[in-house]
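Asks: The structure file final_31.csv (CSV, C-alpha atoms and all ligand atoms) is provided below.
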```csv
chain,number,residue,atom,x,y,z
A,2,MET,CA,85.3,149.0,140.2
A,3,PRO,CA,82.1,147.6,141.5
A,4,ARG,CA,79.1,147.7,139.1
A,5,ILE,CA,75.5,148.6,139.5
A,6,VAL,CA,72.6,148.2,137.0
A,7,ARG,CA,70.3,151.1,136.8
A,8,PRO,CA,67.6,152.3,134.4
A,9,THR,CA,68.8,155.4,132.5
A,10,ALA,CA,65.2,156.4,131.4
A,11,TYR,CA,61.7,155.1,131.6
A,12,GLY,CA,61.1,152.4,129.0
A,13,THR,CA,61.8,148.8,128.1
A,14,PRO,CA,64.8,146.7,129.2
A,15,GLU,CA,67.1,148.5,126.7
A,16,VAL,CA,67.2,151.4,129.2
A,17,LEU,CA,69.2,149.4,131.7
A,18,ALA,CA,72.9,150.2,131.9
A,19,VAL,CA,75.8,148.9,133.9
A,20,THR,CA,77.9,151.6,135.5
A,21,SER,CA,80.9,151.6,137.8
A,22,VAL,CA,80.5,153.0,141.3
A,23,PRO,CA,82.7,153.1,144.4
A,24,VAL,CA,82.2,150.4,147.1
A,25,PRO,CA,79.4,151.8,149.3
A,26,ARG,CA,80.1,152.4,153.0
A,27,ALA,CA,78.0,151.0,155.8
A,28,ALA,CA,75.8,153.3,157.9
A,29,ALA,CA,76.2,153.0,161.7
A,30,ASP,CA,73.1,150.7,161.9
A,31,GLY,CA,73.8,148.9,158.7
A,32,VAL,CA,76.1,146.6,156.7
A,33,VAL,CA,77.7,146.3,153.3
A,34,VAL,CA,77.1,143.0,151.5
A,35,ARG,CA,79.0,141.6,148.5
A,36,VAL,CA,76.0,140.4,146.4
A,37,ARG,CA,76.2,136.8,145.2
A,38,ALA,CA,72.6,136.6,143.9
A,39,ALA,CA,69.8,139.1,143.4
A,40,GLY,CA,66.2,138.0,142.8
A,41,VAL,CA,64.5,139.4,139.7
A,42,ASN,CA,60.9,140.4,140.2
A,43,PRO,CA,58.3,141.9,137.9
A,44,VAL,CA,58.3,145.0,140.1
A,45,ASP,CA,61.9,145.7,138.8
A,46,TRP,CA,60.8,146.3,135.3
A,47,LYS,CA,57.5,147.9,136.3
A,48,LEU,CA,59.5,150.5,138.3
A,49,TYR,CA,61.2,151.9,135.1
A,50,SER,CA,58.3,151.1,132.8
A,51,GLY,CA,56.3,154.1,134.0
A,52,ALA,CA,53.5,151.7,135.3
A,53,PHE,CA,53.9,153.1,138.8
A,54,HIS,CA,53.6,156.8,138.0
A,55,SER,CA,50.3,157.0,139.8
A,56,VAL,CA,51.7,155.4,143.0
A,57,ASP,CA,51.2,157.7,146.0
A,58,ASP,CA,54.3,159.8,146.5
A,59,ASN,CA,54.5,159.0,150.2
A,60,LEU,CA,54.9,155.3,149.4
A,61,LYS,CA,57.5,155.6,146.7
A,62,ASP,CA,60.4,154.9,149.0
A,63,ALA,CA,58.8,151.7,150.3
A,64,ALA,CA,58.6,150.4,146.8
A,65,GLY,CA,62.2,151.5,146.0
A,66,ILE,CA,61.1,154.4,143.9
A,67,THR,CA,62.9,157.8,143.9
A,68,HIS,CA,61.8,161.0,142.3
A,69,ALA,CA,64.6,160.8,139.8
A,70,MET,CA,65.0,157.3,138.3
A,71,PRO,CA,64.1,154.3,140.4
A,72,SER,CA,66.7,152.0,141.9
A,73,ILE,CA,66.0,148.3,141.1
A,74,GLY,CA,66.6,145.0,143.0
A,75,LEU,CA,64.6,144.6,146.2
A,76,GLU,CA,66.2,141.4,147.5
A,77,CYS,CA,69.6,139.6,147.4
A,78,ALA,CA,71.9,137.3,149.2
A,79,GLY,CA,75.7,137.7,149.7
A,80,VAL,CA,78.6,138.0,152.1
A,81,VAL,CA,79.0,140.8,154.7
A,82,THR,CA,82.1,142.9,153.9
A,83,GLU,CA,81.5,145.8,156.3
A,84,VAL,CA,79.6,146.2,159.6
A,85,GLY,CA,78.4,149.5,161.0
A,86,ALA,CA,79.6,150.8,164.3
A,87,GLU,CA,76.3,150.2,166.1
A,88,VAL,CA,75.6,146.7,164.7
A,89,THR,CA,75.7,143.6,166.8
A,90,GLY,CA,75.1,140.0,165.9
A,91,VAL,CA,76.4,140.3,162.3
A,92,ASP,CA,80.0,139.9,161.4
A,93,MET,CA,82.3,140.3,158.4
A,94,GLY,CA,82.2,137.2,156.3
A,95,ASP,CA,78.7,136.2,157.4
A,96,GLU,CA,76.6,134.7,154.5
A,97,VAL,CA,73.3,136.5,154.6
A,98,ILE,CA,69.9,137.1,152.9
A,99,VAL,CA,68.9,140.8,152.6
A,100,HIS,CA,65.3,142.0,152.2
A,101,PRO,CA,64.0,144.6,151.9
A,102,VAL,CA,66.8,146.5,150.2
A,103,THR,CA,67.0,148.8,147.2
A,104,ALA,CA,69.5,148.8,144.4
A,105,ALA,CA,70.4,145.1,144.7
A,106,TYR,CA,71.3,144.8,141.0
A,107,ALA,CA,74.9,145.5,142.0
A,108,ASP,CA,78.2,144.0,143.2
A,109,TYR,CA,77.7,145.6,146.6
A,110,VAL,CA,74.6,146.8,148.6
A,111,THR,CA,74.1,148.6,151.8
A,112,ALA,CA,71.3,147.6,154.0
A,113,PRO,CA,70.0,148.3,157.5
A,114,VAL,CA,70.7,145.4,159.8
A,115,THR,CA,67.0,144.9,160.3
A,116,SER,CA,66.9,143.6,156.7
A,117,VAL,CA,69.7,141.0,157.2
A,118,PHE,CA,69.1,137.3,157.9
A,119,ARG,CA,71.7,134.5,158.2
A,120,LYS,CA,71.6,132.3,155.1
A,121,PRO,CA,71.1,128.7,156.0
A,122,ALA,CA,74.2,126.7,155.0
A,123,GLY,CA,72.3,124.3,152.8
A,124,LEU,CA,70.5,126.9,150.8
A,125,GLY,CA,72.1,127.8,147.5
A,126,TRP,CA,72.9,131.4,146.6
A,127,ALA,CA,70.4,131.8,143.8
A,128,GLU,CA,67.6,130.3,146.0
A,129,ALA,CA,68.6,132.5,148.9
A,130,GLY,CA,68.6,135.7,146.7
A,131,ALA,CA,65.1,134.9,145.3
A,132,LEU,CA,63.3,133.7,148.4
A,133,MET,CA,62.0,136.8,150.2
A,134,LEU,CA,60.0,139.1,147.9
A,135,ALA,CA,57.8,136.3,146.5
A,136,GLY,CA,57.7,134.5,149.8
A,137,THR,CA,56.6,137.5,151.9
A,138,THR,CA,54.0,138.5,149.2
A,139,ALA,CA,52.6,135.0,149.3
A,140,VAL,CA,52.3,135.0,153.1
A,141,HIS,CA,50.6,138.4,153.0
A,142,ALA,CA,48.1,137.1,150.5
A,143,LEU,CA,47.3,133.9,152.4
A,144,GLU,CA,46.9,135.9,155.6
A,145,ALA,CA,44.7,138.5,154.0
A,146,ALA,CA,42.4,135.8,152.5
A,147,GLY,CA,42.5,134.0,155.9
A,148,VAL,CA,43.6,130.7,154.4
A,149,GLY,CA,43.7,127.7,156.9
A,150,THR,CA,43.0,124.0,157.3
A,151,GLU,CA,39.4,124.1,156.5
A,152,ASP,CA,39.8,125.9,153.2
A,153,THR,CA,39.8,125.1,149.5
A,154,VAL,CA,41.8,128.0,148.1
A,155,LEU,CA,42.1,128.9,144.4
A,156,VAL,CA,45.6,130.2,143.5
A,157,HIS,CA,45.6,132.1,140.3
A,158,GLY,CA,49.1,132.1,138.7
A,159,GLY,CA,50.2,129.1,140.7
A,160,SER,CA,53.4,128.5,138.6
A,161,GLY,CA,54.7,132.1,139.0
A,162,GLY,CA,57.4,133.2,141.4
A,163,VAL,CA,54.8,134.2,144.0
A,164,GLY,CA,52.4,131.4,143.0
A,165,LEU,CA,54.9,128.6,143.7
A,166,MET,CA,55.4,130.1,147.2
A,167,GLY,CA,51.7,130.5,147.7
A,168,VAL,CA,50.9,127.0,146.7
A,169,GLN,CA,53.5,125.5,149.0
A,170,LEU,CA,52.6,127.7,151.9
A,171,ALA,CA,48.8,127.1,151.5
A,172,VAL,CA,49.4,123.3,151.4
A,173,ALA,CA,51.6,123.7,154.6
A,174,ARG,CA,48.6,125.5,156.2
A,175,GLY,CA,46.5,122.4,155.6
A,176,ALA,CA,44.4,123.9,152.8
A,177,THR,CA,43.2,122.1,149.7
A,178,VAL,CA,44.8,124.0,146.9
A,179,ILE,CA,43.5,124.4,143.3
A,180,ALA,CA,46.1,126.3,141.2
A,181,THR,CA,45.9,127.8,137.7
A,182,ALA,CA,48.8,127.4,135.3
A,183,ALA,CA,49.8,126.5,131.8
A,184,GLU,CA,49.5,122.7,131.2
A,185,ARG,CA,53.3,122.3,130.9
A,186,ASN,CA,53.5,123.3,134.6
A,187,HIS,CA,50.9,120.9,136.0
A,188,PRO,CA,53.3,118.1,137.0
A,189,LEU,CA,55.3,120.5,139.1
A,190,LEU,CA,52.1,121.9,140.8
A,191,ARG,CA,50.9,118.3,141.5
A,192,ASP,CA,54.3,117.6,143.0
A,193,LEU,CA,53.9,120.5,145.3
A,194,GLY,CA,50.5,119.3,146.5
A,195,ALA,CA,48.1,121.3,144.4
A,196,THR,CA,45.4,120.3,141.9
A,197,PRO,CA,46.3,122.2,138.7
A,198,VAL,CA,43.8,123.6,136.2
A,199,VAL,CA,44.5,125.4,133.0
A,200,TYR,CA,43.5,129.1,132.9
A,201,GLY,CA,41.4,130.5,130.0
A,202,PRO,CA,37.8,130.2,128.9
A,203,GLY,CA,35.8,127.7,131.0
A,204,LEU,CA,38.0,128.2,134.1
A,205,ALA,CA,35.2,128.5,136.6
A,206,ASP,CA,33.7,125.1,135.5
A,207,ARG,CA,37.1,123.4,135.6
A,208,VAL,CA,37.6,124.7,139.1
A,209,ARG,CA,34.1,123.5,140.1
A,210,GLY,CA,35.1,120.1,138.8
A,211,ALA,CA,38.3,120.1,140.8
A,212,ALA,CA,36.6,121.3,143.9
A,213,PRO,CA,33.1,119.8,144.2
A,214,ARG,CA,32.6,121.1,147.7
A,215,GLY,CA,33.3,124.6,146.6
A,216,VAL,CA,36.1,127.2,146.9
A,217,THR,CA,36.2,129.3,150.1
A,218,ALA,CA,39.1,131.7,149.3
A,219,ALA,CA,41.1,132.9,146.4
A,220,VAL,CA,44.5,134.6,146.0
A,221,ASP,CA,45.2,136.2,142.6
A,222,PHE,CA,48.8,136.3,141.6
A,223,ALA,CA,48.0,136.6,137.9
A,224,GLY,CA,46.1,139.9,137.8
A,225,THR,CA,43.9,139.0,134.8
A,226,ASP,CA,40.2,140.0,134.5
A,227,GLU,CA,39.5,136.3,134.3
A,228,ALA,CA,41.1,135.7,137.7
A,229,LEU,CA,39.0,138.4,139.2
A,230,ASP,CA,35.8,137.3,137.6
A,231,VAL,CA,36.2,133.6,138.4
A,232,SER,CA,37.1,134.5,142.0
A,233,LEU,CA,34.0,136.6,142.4
A,234,GLU,CA,31.9,133.9,140.9
A,235,LEU,CA,33.2,131.1,143.1
A,236,VAL,CA,34.1,132.7,146.5
A,237,ALA,CA,31.0,133.8,148.5
A,238,ASP,CA,32.9,136.2,150.8
A,239,ARG,CA,34.7,138.9,148.9
A,240,GLN,CA,36.9,139.7,151.9
A,241,ARG,CA,38.4,136.2,151.3
A,242,ILE,CA,39.7,137.2,147.9
A,243,ALA,CA,43.1,138.8,147.9
A,244,SER,CA,44.8,140.2,144.8
A,245,ILE,CA,48.4,141.4,144.3
A,246,ALA,CA,48.0,142.7,140.7
A,247,GLY,CA,45.6,143.7,138.0
A,248,SER,CA,43.5,146.3,136.5
A,249,PRO,CA,41.6,149.2,138.2
A,250,ARG,CA,38.4,147.0,137.8
A,251,ARG,CA,39.5,145.3,141.0
A,252,GLU,CA,39.0,148.5,143.0
A,253,GLU,CA,35.2,148.3,142.8
A,254,ALA,CA,35.0,144.6,143.6
A,255,GLY,CA,35.2,144.8,147.4
A,256,ILE,CA,38.1,142.4,147.5
A,257,LYS,CA,41.4,142.8,149.3
A,258,LEU,CA,44.0,144.7,147.3
A,259,LEU,CA,47.6,144.1,148.4
A,260,GLY,CA,50.5,146.3,147.3
A,261,TYR,CA,51.8,149.9,147.2
A,262,GLY,CA,49.1,151.7,145.3
A,263,PRO,CA,46.6,154.1,146.7
A,264,GLY,CA,44.0,152.2,148.8
A,265,GLN,CA,46.1,149.1,148.9
A,266,ASP,CA,47.4,147.2,151.9
A,267,ALA,CA,51.2,147.2,151.8
A,268,GLY,CA,51.3,144.6,154.6
A,269,THR,CA,54.5,146.0,156.0
A,270,GLU,CA,54.2,144.3,159.3
A,271,VAL,CA,53.0,140.9,158.2
A,272,ARG,CA,55.6,140.8,155.5
A,273,ALA,CA,58.4,141.8,158.0
A,274,ILE,CA,57.3,139.1,160.5
A,275,ALA,CA,57.1,136.4,157.7
A,276,ARG,CA,60.8,136.7,156.9
A,277,HIS,CA,62.2,134.6,159.8
A,278,ALA,CA,59.9,131.6,159.1
A,279,LEU,CA,60.6,131.8,155.4
A,280,VAL,CA,64.3,131.5,155.9
A,281,GLU,CA,63.8,128.6,158.3
A,282,ARG,CA,61.5,126.7,156.0
A,283,ALA,CA,63.7,127.3,153.0
A,284,GLY,CA,66.7,126.2,155.0
A,285,SER,CA,65.0,123.0,156.2
A,286,GLY,CA,63.9,122.2,152.6
A,287,GLU,CA,60.3,122.3,153.6
A,288,LEU,CA,59.8,125.3,151.2
A,289,ARG,CA,61.4,125.0,147.8
A,290,VAL,CA,62.7,128.0,146.0
A,291,LEU,CA,62.6,127.1,142.3
A,292,VAL,CA,65.1,128.9,140.1
A,293,ALA,CA,64.2,129.0,136.4
A,294,ALA,CA,67.5,130.6,135.2
A,295,THR,CA,70.4,132.7,136.4
A,296,TYR,CA,72.1,135.5,134.5
A,297,PRO,CA,75.3,137.5,134.9
A,298,LEU,CA,74.7,141.0,136.3
A,299,ALA,CA,75.6,142.6,133.0
A,300,GLU,CA,72.7,140.6,131.4
A,301,ALA,CA,70.0,142.1,133.6
A,302,ALA,CA,68.2,143.4,130.5
A,303,GLN,CA,68.1,139.9,129.1
A,304,ALA,CA,66.6,138.6,132.4
A,305,HIS,CA,63.9,141.2,132.2
A,306,ARG,CA,63.1,140.3,128.6
A,307,ALA,CA,62.7,136.7,129.7
A,308,GLY,CA,60.5,137.8,132.6
A,309,LEU,CA,58.3,139.9,130.3
A,310,ALA,CA,58.1,137.1,127.7
A,311,GLY,CA,57.1,134.3,130.2
A,312,HIS,CA,59.5,131.6,131.2
A,313,ALA,CA,59.9,128.2,132.9
A,314,PRO,CA,58.4,128.1,136.3
A,315,GLY,CA,60.6,129.5,139.1
A,316,LYS,CA,62.6,132.6,139.7
A,317,LEU,CA,65.0,134.5,137.5
A,318,VAL,CA,68.2,135.5,139.4
A,319,LEU,CA,71.2,137.7,138.7
A,320,THR,CA,74.5,136.3,139.9
A,321,PRO,CA,77.1,139.2,140.0
A,401,LIG,N1,51.4,143.6,145.2
A,401,LIG,C1,52.5,143.1,145.5
A,401,LIG,O1,53.0,143.3,146.6
A,401,LIG,C2,53.3,142.2,144.6
A,401,LIG,C3,54.4,141.5,145.0
A,401,LIG,C4,55.0,140.6,144.0
A,401,LIG,C5,54.5,140.5,142.7
A,401,LIG,N2,53.4,141.3,142.4
A,401,LIG,C6,52.9,141.2,141.0
A,401,LIG,O2,52.3,139.9,140.9
A,401,LIG,C7,52.4,139.4,139.6
A,401,LIG,C8,53.0,138.0,139.6
A,401,LIG,O3,54.4,138.1,140.1
A,401,LIG,P1,55.4,136.9,139.9
A,401,LIG,O4,56.7,137.3,140.5
A,401,LIG,O5,54.7,135.6,140.4
A,401,LIG,O6,55.4,136.8,138.3
A,401,LIG,P2,55.9,135.6,137.4
A,401,LIG,O7,56.9,134.7,138.1
A,401,LIG,O8,56.3,136.2,136.1
A,401,LIG,O9,54.6,134.7,137.2
A,401,LIG,C9,53.5,135.0,136.5
A,401,LIG,C10,52.7,133.8,136.2
A,401,LIG,O10,51.5,134.2,135.6
A,401,LIG,C11,51.0,133.1,134.9
A,401,LIG,N3,50.1,133.5,133.8
A,401,LIG,C12,50.5,134.1,132.6
A,401,LIG,N4,49.4,134.4,131.9
A,401,LIG,C13,48.3,134.0,132.7
A,401,LIG,C14,46.9,134.1,132.5
A,401,LIG,N5,46.3,134.5,131.4
A,401,LIG,N6,46.1,133.6,133.5
A,401,LIG,C15,46.6,133.1,134.7
A,401,LIG,N7,48.0,133.1,134.9
A,401,LIG,C16,48.8,133.5,133.9
A,401,LIG,C17,52.2,132.4,134.3
A,401,LIG,O11,51.9,131.0,134.5
A,401,LIG,P3,52.3,129.9,133.3
A,401,LIG,O12,53.8,130.0,133.1
A,401,LIG,O13,51.9,128.6,133.9
A,401,LIG,O14,51.5,130.3,132.1
A,401,LIG,C18,53.3,132.8,135.3
A,401,LIG,O15,53.9,131.7,136.0
A,401,LIG,C19,53.2,140.4,138.8
A,401,LIG,O16,52.3,141.3,138.2
A,401,LIG,C20,53.9,141.2,139.9
A,401,LIG,O17,54.2,142.5,139.6
A,401,LIG,C21,52.8,142.1,143.3
```
Kindly transcribe the structure held in the file into structure tokens.

Replies:
Amino acid sequence: MPRIVRPTAYGTPEVLAVTSVPVPRAAADGVVVRVRAAGVNPVDWKLYSGAFHSVDDNLKDAAGITHAMPSIGLECAGVVTEVGAEVTGVDMGDEVIVHPVTAAYADYVTAPVTSVFRKPAGLGWAEAGALMLAGTTAVHALEAAGVGTEDTVLVHGGSGGVGLMGVQLAVARGATVIATAAERNHPLLRDLGATPVVYGPGLADRVRGAAPRGVTAAVDFAGTDEALDVSLELVADRQRIASIAGSPRREEAGIKLLGYGPGQDAGTEVRAIARHALVERAGSGELRVLVAATYPLAEAAQAHRAGLAGHAPGKLVLTP
């Protein structure tokens, strides 16, 4: 029987359980995909941690949340095994990337055909399954902060899943990129075209040293008070600071808040539009999807523990 991983209660990764379910059937406008790789994202454990209890009820479905227990796994890649009656342009056996989707921690998923993109032949399964959520989030943040050729942009959390995308995409836009990360990740960030700086006390001065002409925009993928404070100190225009995570303190700062909470910009359109170009860039090798580790589906809880503890740069991926 096909398997699915679901939280059985709110809590820590111990609440995740593998259960057997029938193979799902495709809706008329959708497909069924045999999952080969499902990207692991912090939102997956936040969904069952209780952290999102305050999320606006109307937005819960968009974030993959139901009123009972949330489904987890918002992106994957795999092989099409059933095609709905009204679907054109996708065939059985096609290798595809699927996002957005819900319940991708599974052997099979159903998805509307609007979420399905052909996987470039040269892109590995793990990379394909982990491209989209981080990639679309990074594009949204760079758009929100208006990052372009003339800018020096400060990327907080540059070695994270979103950060590695943000760094590469900002460099591709022609911006000068200063990225915060633990020292062990600096060689990688230099390789991707950024100037790395260590986060922690004295960050603002280190950034000034790395960017003598100043910082014109900031994207916060770390969500720390320090990232907020340093962005406010160094970027003159608060509308050129975009944050995807962090404490309620951000709400009074007059910066751009991106996500699914009340008063935040979900960026539905910009993220949807970004998907085609992300697939193309990843397929051509212009955009690298770095994979830190892969786990069998049954070890999803272990993957979440690694995510919570901090890990090597790159994405964690489940390979059912
Ligand atoms: N709003 C949205 O739409 C949205 C979408 C995606 C993600 N998110 C949120 O964005 C955050 C990042 O996601 P992710 O997938 O990139 O997570 P991730 O892969 O776990 O990366 C987090 C990064 O934070 C860095 N970090 C740890 N402590 C730090 C500190 N004190 N200061 C600065 N950086 C620090 C780590 O860098 P080192 O390893 O170098 O220490 C790590 O690489 C999560 O909170 C996630 O829930 C929001």

Asks: What does the structure give for the distance between CA of Leu317 (chain A) and CA of Val156 (chain A), in Å to one decimal?

Replies: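 For CA of Leu317 (chain A) relative to CA of Val156 (chain A), the distance reads 20.8 Å.
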
Asks: Using all atoms listed in the file, can you tell me which of A:Ile242, A:Leu235, A:Ala78, A:Ala183 comes closest to Gly210 (chain A)?

Replies: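 Answer, going by the shortest atom-to-atom distance: A:Leu235.
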
Asks: Would you compute the box with edges along x, y and z of the file around ligand LIG 401 (chain A), including every atom the file lists for it and 8 Å extra on each side, and give its centre and edge lengths in Å to one decimal, as JSON?

Replies:
```
{"center_x": 51.5, "center_y": 136.1, "center_z": 139.0, "size_x": 26.8, "size_y": 31.0, "size_z": 31.2}
```

Asks: Please provide as number ranges by chain all residues within 7 Å of region 21-37 of chain A, with the sequence filter that same-chain residues fewer than 4 positions apart are discarded (counting all atoms listed in the file).

Replies: A: 2-5, 77-88, 107-114, 126, 320-321

Asks: I need the residues from that last selection saved to file as a short mmCIF file (atom, residue, chain, number, x, y, z; two decimals), in the frame of the given file (with C-alpha atoms), if you can.

Replies:
```cif
data_model
loop_
_atom_site.label_atom_id
_atom_site.label_comp_id
_atom_site.auth_asym_id
_atom_site.auth_seq_id
_atom_site.Cartn_x
_atom_site.Cartn_y
_atom_site.Cartn_z
CA MET A 2 85.30 149.00 140.20
CA PRO A 3 82.10 147.60 141.50
CA ARG A 4 79.10 147.70 139.10
CA ILE A 5 75.50 148.60 139.50
CA CYS A 77 69.60 139.60 147.40
CA ALA A 78 71.90 137.30 149.20
CA GLY A 79 75.70 137.70 149.70
CA VAL A 80 78.60 138.00 152.10
CA VAL A 81 79.00 140.80 154.70
CA THR A 82 82.10 142.90 153.90
CA GLU A 83 81.50 145.80 156.30
CA VAL A 84 79.60 146.20 159.60
CA GLY A 85 78.40 149.50 161.00
CA ALA A 86 79.60 150.80 164.30
CA GLU A 87 76.30 150.20 166.10
CA VAL A 88 75.60 146.70 164.70
CA ALA A 107 74.90 145.50 142.00
CA ASP A 108 78.20 144.00 143.20
CA TYR A 109 77.70 145.60 146.60
CA VAL A 110 74.60 146.80 148.60
CA THR A 111 74.10 148.60 151.80
CA ALA A 112 71.30 147.60 154.00
CA PRO A 113 70.00 148.30 157.50
CA VAL A 114 70.70 145.40 159.80
CA TRP A 126 72.90 131.40 146.60
CA THR A 320 74.50 136.30 139.90
CA PRO A 321 77.10 139.20 140.00
#
```

Asks: Counting only C-alpha atoms, which of A:Thr115, A:Thr13, A:Thr196, A:Thr89 gets nearest to Thr177 (chain A)?

Replies: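 For Thr177 (chain A), the nearest of the candidates is A:Thr196.
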
Asks: Write out as an NGL selection string each polymer residue whose atoms come within 12 Å of region 202-209 of chain A, counting only C-alpha atoms; drop sequence neighbours fewer than 2 positions from it.

Replies: :A and (153-157 or 178-182 or 196-200 or 211-217 or 219 or 226-236)

Asks: Given all atoms listed in the file, how would the per-residue table for chain A near ligand LIG 401 (chain A) read, listing every residue at most 7 Å away with its closest atom pair and distance in Å to one decimal, sorted by chain and number, as a tab-separated table?

Replies:
```
residue	atom	partner	partner_atom	distance
A:Asn42	CA	A:LIG401	O4	5.2
A:Pro43	CA	A:LIG401	O17	4.5
A:Val44	CA	A:LIG401	O17	4.8
A:Leu134	CA	A:LIG401	C4	6.5
A:Ala135	CA	A:LIG401	C4	5.7
A:Thr138	CA	A:LIG401	C3	5.2
A:His157	CA	A:LIG401	C15	5.8
A:Gly158	CA	A:LIG401	N7	4.1
A:Gly159	CA	A:LIG401	O15	6.5
A:Ser160	CA	A:LIG401	O15	4.2
A:Gly161	CA	A:LIG401	O15	3.1
A:Gly162	CA	A:LIG401	O7	3.7
A:Val163	CA	A:LIG401	O5	3.9
A:Gly164	CA	A:LIG401	O5	5.4
A:Thr181	CA	A:LIG401	C15	6.1
A:Ala182	CA	A:LIG401	O13	3.6
A:Ala183	CA	A:LIG401	O13	3.6
A:Glu184	CA	A:LIG401	O13	6.9
A:Asn186	CA	A:LIG401	O13	5.6
A:Tyr200	CA	A:LIG401	N6	5.2
A:Gly201	CA	A:LIG401	N5	6.5
A:Phe222	CA	A:LIG401	C8	5.0
A:Ala223	CA	A:LIG401	N7	4.6
A:Gly224	CA	A:LIG401	O16	6.4
A:Thr225	CA	A:LIG401	N6	6.0
A:Ala228	CA	A:LIG401	C15	6.8
A:Ile245	CA	A:LIG401	N1	3.8
A:Ala246	CA	A:LIG401	C6	5.1
A:Leu259	CA	A:LIG401	N1	5.0
A:Gly260	CA	A:LIG401	N1	3.5
A:Tyr261	CA	A:LIG401	N1	6.6
A:Ala267	CA	A:LIG401	O1	6.7
A:Gly308	CA	A:LIG401	O8	5.7
A:Gly311	CA	A:LIG401	O12	6.1
A:His312	CA	A:LIG401	O12	6.2
A:Ala313	CA	A:LIG401	O12	6.4
A:Pro314	CA	A:LIG401	O15	5.8
A:Gly315	CA	A:LIG401	O7	6.5
A:Lys316	CA	A:LIG401	O7	6.3
```

Asks: Looking at only C-alpha atoms, which of A:Val97, A:Leu132, A:Pro297, A:Ala39 is the one that sits closest to Val117 (chain A)?

Replies: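 Among the listed residues, A:Val97 lies closest to Val117 (chain A).
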
Asks: Can you pull out every residue within 7 Å of Ala18 (chain A), counting all atoms listed in the file, but drop anything in the same chain fewer than 6 positions away, and send it as number ranges by chain?

Replies: A: 6-9

Asks: Skipping near chain neighbours, those fewer than 4 positions away, what residues fall within 9 Å of region 282-288 of chain A using all atoms listed in the file, listed as a PyMOL selection string?

Replies: chain A and resi 120-124+128-129+132+166+169-170+173+277-278

Asks: How many Å separate CA of Gly262 (chain A) from CA of Ala293 (chain A)?

Replies: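 So the answer is 28.7 Å.
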
Asks: From the list A:Val292, A:Leu165, A:Ala301, A:Ala145, which residue is nearest Ile256 (chain A) when using only C-alpha atoms?

Replies: A:Ala145

Asks: Figure out the distance between CA of Val290 (chain A) and CA of Leu48 (chain A), please, to one decimal in Å.

Replies: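 Distance reported for this atom pair: 24.0 Å.
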
Asks: Could you pull out every residue with an atom within 12 Å of (54.8, 140.3, 159.5), file coordinates, counting only C-alpha atoms, and send them as a ChimeraX atom specification?

Replies: /A:136-142,144-145,267-279

Asks: Only C-alpha atoms, please: the residues just picked out, written as a compact mmCIF listing (two decimals), in the frame of the given file.

Replies:
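File produced: selection-v3.txt:
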```
# COMPACT_ATOMS: atom_id res chain seq x y z
CA GLY A 136 57.70 134.50 149.80
CA THR A 137 56.60 137.50 151.90
CA THR A 138 54.00 138.50 149.20
CA ALA A 139 52.60 135.00 149.30
CA VAL A 140 52.30 135.00 153.10
CA HIS A 141 50.60 138.40 153.00
CA ALA A 142 48.10 137.10 150.50
CA GLU A 144 46.90 135.90 155.60
CA ALA A 145 44.70 138.50 154.00
CA ALA A 267 51.20 147.20 151.80
CA GLY A 268 51.30 144.60 154.60
CA THR A 269 54.50 146.00 156.00
CA GLU A 270 54.20 144.30 159.30
CA VAL A 271 53.00 140.90 158.20
CA ARG A 272 55.60 140.80 155.50
CA ALA A 273 58.40 141.80 158.00
CA ILE A 274 57.30 139.10 160.50
CA ALA A 275 57.10 136.40 157.70
CA ARG A 276 60.80 136.70 156.90
CA HIS A 277 62.20 134.60 159.80
CA ALA A 278 59.90 131.60 159.10
CA LEU A 279 60.60 131.80 155.40
```

Asks: Pick from A:Gly40, A:Gly247, A:Pro14, A:Gly147: nearest to Pro101 (chain A), with all atoms listed in the file counted?

Replies: A:Gly40

Asks: Taking only C-alpha atoms into account, name the residue in A:Leu193, A:Val102, A:Ala218, A:Val280 that is nearest to Arg241 (chain A).

Replies: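 The shortest atom-to-atom distance to Arg241 (chain A) comes from A:Ala218.
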
Asks: Which residues are near Ile73 (chain A)? Cut-off 7 Å, all atoms listed in the file, ignore same chain within fewer than 3 positions. Put them as a PyMOL selection string.

Replies: chain A and resi 7+45+65+103-106
